[in-house]
file data-v7.txt (compact mmCIF, C-alpha atoms)
# COMPACT_ATOMS: atom_id res chain seq x y z
CA MET T 1 35.31 83.12 22.92
CA LYS T 2 37.19 81.66 19.99
CA SER T 3 35.31 79.82 17.26
CA HIS T 4 35.60 79.09 13.55
CA GLU T 5 33.45 81.77 11.95
CA TRP T 6 35.01 84.31 9.62
CA VAL T 7 33.83 87.85 9.06
CA TRP T 8 34.56 90.18 6.15
CA LEU T 9 33.49 93.83 6.24
CA ASP T 10 32.32 95.34 2.96
CA LYS T 11 31.52 99.00 3.62
CA GLU T 12 28.71 98.81 6.20
CA THR T 13 27.90 95.12 5.88
CA ALA T 14 29.77 92.23 7.49
CA TRP T 15 29.61 88.87 5.73
CA VAL T 16 29.84 85.79 7.99
CA GLY T 17 30.64 82.15 7.26
CA ILE T 18 32.66 79.27 8.65
CA SER T 19 36.30 78.57 7.93
CA GLU T 20 37.73 76.04 5.52
CA HIS T 21 39.04 74.14 8.56
CA ALA T 22 35.61 74.04 10.20
CA GLN T 23 33.82 72.72 7.13
CA LYS T 24 36.38 69.91 6.85
CA GLU T 25 35.90 69.02 10.53
CA ILE T 26 32.12 68.86 10.37
CA THR T 27 32.17 67.03 7.00
CA ASP T 28 29.13 66.92 4.73
CA VAL T 29 26.74 69.78 5.53
CA VAL T 30 23.12 68.73 5.05
CA PHE T 31 21.23 71.71 6.57
CA VAL T 32 21.93 75.32 7.52
CA ASP T 33 19.65 77.36 9.77
CA PRO T 34 21.01 80.92 9.68
CA PRO T 35 19.68 83.76 11.81
CA LYS T 36 16.73 85.56 10.24
CA PRO T 37 17.05 89.09 8.85
CA GLY T 38 16.01 91.66 11.44
CA ARG T 39 17.38 89.66 14.35
CA LYS T 40 19.78 91.49 16.65
CA VAL T 41 22.81 89.40 17.61
CA ALA T 42 25.61 89.92 20.12
CA HIS T 43 29.27 89.03 19.75
CA GLY T 44 29.77 85.37 20.70
CA GLN T 45 26.04 84.59 20.75
CA SER T 46 24.82 81.35 19.22
CA CYS T 47 22.53 82.49 16.42
CA GLY T 48 22.15 79.60 14.01
CA VAL T 49 22.89 75.95 13.36
CA ILE T 50 24.76 73.89 10.80
CA GLU T 51 23.90 70.22 10.56
CA SER T 52 26.18 67.68 8.97
CA VAL T 53 26.10 63.92 8.63
CA LYS T 54 28.08 63.91 11.92
CA ALA T 55 26.10 66.24 14.20
CA ALA T 56 24.66 69.73 14.62
CA PHE T 57 26.93 72.68 15.40
CA ASP T 58 26.12 76.19 16.58
CA ILE T 59 26.95 79.22 14.45
CA TYR T 60 28.19 82.15 16.55
CA ALA T 61 27.95 85.85 15.78
CA PRO T 62 31.52 87.12 15.44
CA ILE T 63 30.33 90.69 16.02
CA SER T 64 27.22 92.43 17.34
CA GLY T 65 24.62 93.96 15.09
CA GLU T 66 21.48 93.32 13.10
CA VAL T 67 21.22 90.46 10.63
CA VAL T 68 20.37 91.99 7.25
CA ALA T 69 20.51 88.90 5.02
CA ALA T 70 20.76 85.14 5.08
CA ASN T 71 22.23 83.13 2.21
CA GLN T 72 19.07 81.71 0.65
CA ALA T 73 21.11 79.49 -1.70
CA LEU T 74 21.98 77.31 1.31
CA SER T 75 18.35 76.19 1.63
CA ALA T 76 18.52 74.36 -1.68
CA ASP T 77 22.24 73.54 -1.58
CA PRO T 78 23.72 73.40 1.96
CA GLY T 79 26.80 71.70 0.48
CA LEU T 80 27.94 75.16 -0.68
CA VAL T 81 29.37 75.49 2.83
CA ASN T 82 31.70 72.57 2.06
CA ARG T 83 32.51 73.47 -1.54
CA SER T 84 32.96 77.22 -1.06
CA PRO T 85 33.03 78.07 2.67
CA GLN T 86 34.72 81.43 2.24
CA ASP T 87 32.85 82.61 -0.86
CA GLN T 88 29.49 81.25 -2.09
CA GLY T 89 28.93 79.35 1.18
CA TRP T 90 28.66 82.52 3.32
CA ILE T 91 25.88 82.13 5.89
CA PHE T 92 24.56 85.57 6.85
CA GLN T 93 25.25 89.29 6.77
CA ILE T 94 25.24 91.71 9.69
CA LYS T 95 25.01 95.48 9.90
CA PRO T 96 27.55 95.94 12.74
CA SER T 97 26.54 97.96 15.77
CA GLN T 98 30.08 98.10 17.19
CA ILE T 99 32.76 98.19 14.50
CA SER T 100 35.44 98.19 17.22
CA GLU T 101 34.64 94.51 17.89
CA LEU T 102 36.38 93.67 14.60
CA GLU T 103 39.69 94.73 16.14
CA LYS T 104 39.35 92.02 18.81
CA LEU T 105 38.98 89.16 16.32
CA MET T 106 41.80 86.90 15.20
CA ASP T 107 43.41 87.67 11.87
CA TRP T 108 44.37 84.88 9.45
CA ALA T 109 47.83 84.29 10.99
CA GLN T 110 46.44 84.20 14.53
CA TYR T 111 43.75 81.74 13.45
CA GLN T 112 46.38 79.44 11.93
CA GLU T 113 48.30 79.48 15.23
CA TYR T 114 45.06 78.79 17.10
CA LEU T 115 44.48 75.70 14.94
CA LYS T 116 47.94 74.38 15.89
CA ALA T 117 47.13 74.52 19.62
CA PRO T 118 46.62 71.07 21.21
CA ALA T 119 43.06 71.81 22.33
CA HIS T 120 40.78 74.53 21.03
CA ASP T 121 37.06 75.06 21.53
CA GLY T 122 34.50 75.68 18.83
CA HIS T 123 33.44 73.28 16.07
call {"tool": "encode", "arguments": {"input": "data-v7.txt", "output": "structure tokens"}}
result
Amino acid sequence: MKSHEWVWLDKETAWVGISEHAQKEITDVVFVDPPKPGRKVAHGQSCGVIESVKAAFDIYAPISGEVVAANQALSADPGLVNRSPQDQGWIFQIKPSQISELEKLMDWAQYQEYLKAPAHDGH
């Protein structure tokens, strides 16, 4: 499954958010419901929701593991996802259970090619 979440591994913790492209497509984010810490998630599983003025969109786990943190700042300021989607607007953190899943994800160049395709699924 291809979607618009990004993942960045920092030692044993993977940070997850949505791409710059995705935040532009969904427009003004008004609510984020990330997965709760302690929840086990599987690669490709819907595990949270982002709501914008347009509609609600699922957040998918890019890798399997246990959620260890959710970005609490998004409760008070969900617009961080729009203003800083790949930094302060991160959504949750996972302790990966299968690091090898990272090798199956698109890199930046592959994602850019994916965006050029006439029809792609996801947000």
call {"tool": "closest_residue", "arguments": {"input": "data-v7.txt", "among": "T:Glu25, T:His4, T:Glu113, T:Pro37", "to": "Gln93 in chain T", "atoms": "only C-alpha atoms"}}
result
T:Pro37
call {"tool": "atom_distance", "arguments": {"input": "data-v7.txt", "atom1": "CA of Glu12 in chain T", "atom2": "CA of Phe57 in chain T"}}
result
27.8 Å
call {"tool": "atom_distance", "arguments": {"input": "data-v7.txt", "atom1": "CA of Tyr60 in chain T", "atom2": "CA of Ser46 in chain T"}}
result
4.4 Å
call {"tool": "residues_around", "arguments": {"input": "data-v7.txt", "residues": "Val16 in chain T", "least_positions_apart": "6", "cutoff": "7 Å", "atoms": "all atoms listed in the file", "output": "list in words"}}
result
Glu5, Trp6, Val7, Trp8, Trp90, Ile91, Phe92 and Gln93 of chain T
call {"tool": "write_last_selection", "arguments": {"input": "data-v7.txt", "atoms": "C-alpha atoms", "output": "PDB file, in the coordinates of the input"}}
result
ATOM      1  CA  GLU T   5      33.450  81.770  11.950  1.00  0.00           C
ATOM      2  CA  TRP T   6      35.010  84.310   9.620  1.00  0.00           C
ATOM      3  CA  VAL T   7      33.830  87.850   9.060  1.00  0.00           C
ATOM      4  CA  TRP T   8      34.560  90.180   6.150  1.00  0.00           C
ATOM      5  CA  TRP T  90      28.660  82.520   3.320  1.00  0.00           C
ATOM      6  CA  ILE T  91      25.880  82.130   5.890  1.00  0.00           C
ATOM      7  CA  PHE T  92      24.560  85.570   6.850  1.00  0.00           C
ATOM      8  CA  GLN T  93      25.250  89.290   6.770  1.00  0.00           C
TER       9      GLN T  93
END
call {"tool": "atom_distance", "arguments": {"input": "data-v7.txt", "atom1": "CA of Asn82 in chain T", "atom2": "CA of Glu20 in chain T"}}
result
7.8 Å
call {"tool": "residues_around", "arguments": {"input": "data-v7.txt", "residues": "Ser64 in chain T", "least_positions_apart": "6", "cutoff": "6 Å", "atoms": "all atoms listed in the file", "output": "short mmCIF file (atom, residue, chain, number, x, y, z; two decimals) with C-alpha atoms, in the coordinates of the input"}}
result
data_model
loop_
_atom_site.label_atom_id
_atom_site.label_comp_id
_atom_site.auth_asym_id
_atom_site.auth_seq_id
_atom_site.Cartn_x
_atom_site.Cartn_y
_atom_site.Cartn_z
CA VAL T 41 22.81 89.40 17.61
CA ALA T 42 25.61 89.92 20.12
CA HIS T 43 29.27 89.03 19.75
CA PRO T 96 27.55 95.94 12.74
CA SER T 97 26.54 97.96 15.77
#
call {"tool": "residues_near_point", "arguments": {"input": "data-v7.txt", "point": "(22.7, 79.8, 22.8)", "cutoff": "10 Å", "atoms": "only C-alpha atoms", "output": "PyMOL selection string"}}
result
chain T and resi 44-48+58-60
call {"tool": "build_atoms", "arguments": {"input": "data-v7.txt", "residues": "range 40-60 of chain T", "atoms": "N, CA and C atoms", "output": "PDB file, keeping the file's coordinate frame"}}
result
ATOM      1  N   LYS T  40      18.607  90.851  16.040  1.00  0.00           N
ATOM      2  CA  LYS T  40      19.780  91.490  16.650  1.00  0.00           C
ATOM      3  C   LYS T  40      20.600  90.384  17.317  1.00  0.00           C
ATOM      4  N   VAL T  41      21.916  90.398  17.045  1.00  0.00           N
ATOM      5  CA  VAL T  41      22.810  89.400  17.610  1.00  0.00           C
ATOM      6  C   VAL T  41      23.935  90.097  18.367  1.00  0.00           C
ATOM      7  N   ALA T  42      24.497  89.395  19.331  1.00  0.00           N
ATOM      8  CA  ALA T  42      25.610  89.920  20.120  1.00  0.00           C
ATOM      9  C   ALA T  42      26.850  89.078  19.866  1.00  0.00           C
ATOM     10  N   HIS T  43      27.994  89.714  19.934  1.00  0.00           N
ATOM     11  CA  HIS T  43      29.270  89.030  19.750  1.00  0.00           C
ATOM     12  C   HIS T  43      29.321  87.769  20.618  1.00  0.00           C
ATOM     13  N   GLY T  44      29.638  86.635  19.987  1.00  0.00           N
ATOM     14  CA  GLY T  44      29.770  85.370  20.700  1.00  0.00           C
ATOM     15  C   GLY T  44      28.476  84.627  20.934  1.00  0.00           C
ATOM     16  N   GLN T  45      27.354  85.215  20.532  1.00  0.00           N
ATOM     17  CA  GLN T  45      26.040  84.590  20.750  1.00  0.00           C
ATOM     18  C   GLN T  45      25.784  83.508  19.701  1.00  0.00           C
ATOM     19  N   SER T  46      25.270  82.375  20.147  1.00  0.00           N
ATOM     20  CA  SER T  46      24.820  81.350  19.220  1.00  0.00           C
ATOM     21  C   SER T  46      23.596  81.906  18.492  1.00  0.00           C
ATOM     22  N   CYS T  47      23.641  81.869  17.157  1.00  0.00           N
ATOM     23  CA  CYS T  47      22.530  82.490  16.420  1.00  0.00           C
ATOM     24  C   CYS T  47      22.030  81.641  15.255  1.00  0.00           C
ATOM     25  N   GLY T  48      22.584  80.470  15.080  1.00  0.00           N
ATOM     26  CA  GLY T  48      22.150  79.600  14.010  1.00  0.00           C
ATOM     27  C   GLY T  48      22.746  78.218  14.199  1.00  0.00           C
ATOM     28  N   VAL T  49      22.426  77.333  13.260  1.00  0.00           N
ATOM     29  CA  VAL T  49      22.890  75.950  13.360  1.00  0.00           C
ATOM     30  C   VAL T  49      23.298  75.439  11.981  1.00  0.00           C
ATOM     31  N   ILE T  50      24.359  74.649  11.981  1.00  0.00           N
ATOM     32  CA  ILE T  50      24.760  73.890  10.800  1.00  0.00           C
ATOM     33  C   ILE T  50      24.649  72.426  11.177  1.00  0.00           C
ATOM     34  N   GLU T  51      23.987  71.659  10.333  1.00  0.00           N
ATOM     35  CA  GLU T  51      23.900  70.220  10.560  1.00  0.00           C
ATOM     36  C   GLU T  51      24.690  69.499   9.486  1.00  0.00           C
ATOM     37  N   SER T  52      25.430  68.504   9.915  1.00  0.00           N
ATOM     38  CA  SER T  52      26.180  67.680   8.970  1.00  0.00           C
ATOM     39  C   SER T  52      25.772  66.236   9.195  1.00  0.00           C
ATOM     40  N   VAL T  53      26.377  65.336   8.431  1.00  0.00           N
ATOM     41  CA  VAL T  53      26.100  63.920   8.630  1.00  0.00           C
ATOM     42  C   VAL T  53      26.606  63.470   9.997  1.00  0.00           C
ATOM     43  N   LYS T  54      27.523  64.236  10.606  1.00  0.00           N
ATOM     44  CA  LYS T  54      28.080  63.910  11.920  1.00  0.00           C
ATOM     45  C   LYS T  54      27.191  64.363  13.082  1.00  0.00           C
ATOM     46  N   ALA T  55      26.811  65.644  13.059  1.00  0.00           N
ATOM     47  CA  ALA T  55      26.100  66.240  14.200  1.00  0.00           C
ATOM     48  C   ALA T  55      25.643  67.646  13.826  1.00  0.00           C
ATOM     49  N   ALA T  56      25.056  68.335  14.791  1.00  0.00           N
ATOM     50  CA  ALA T  56      24.660  69.730  14.620  1.00  0.00           C
ATOM     51  C   ALA T  56      25.655  70.607  15.380  1.00  0.00           C
ATOM     52  N   PHE T  57      25.971  71.759  14.809  1.00  0.00           N
ATOM     53  CA  PHE T  57      26.930  72.680  15.400  1.00  0.00           C
ATOM     54  C   PHE T  57      26.342  74.081  15.412  1.00  0.00           C
ATOM     55  N   ASP T  58      26.577  74.811  16.491  1.00  0.00           N
ATOM     56  CA  ASP T  58      26.120  76.190  16.580  1.00  0.00           C
ATOM     57  C   ASP T  58      26.945  77.093  15.674  1.00  0.00           C
ATOM     58  N   ILE T  59      26.292  78.123  15.163  1.00  0.00           N
ATOM     59  CA  ILE T  59      26.950  79.220  14.450  1.00  0.00           C
ATOM     60  C   ILE T  59      26.934  80.389  15.424  1.00  0.00           C
ATOM     61  N   TYR T  60      28.075  81.026  15.613  1.00  0.00           N
ATOM     62  CA  TYR T  60      28.190  82.150  16.550  1.00  0.00           C
ATOM     63  C   TYR T  60      28.358  83.462  15.802  1.00  0.00           C
TER      64      TYR T  60
END
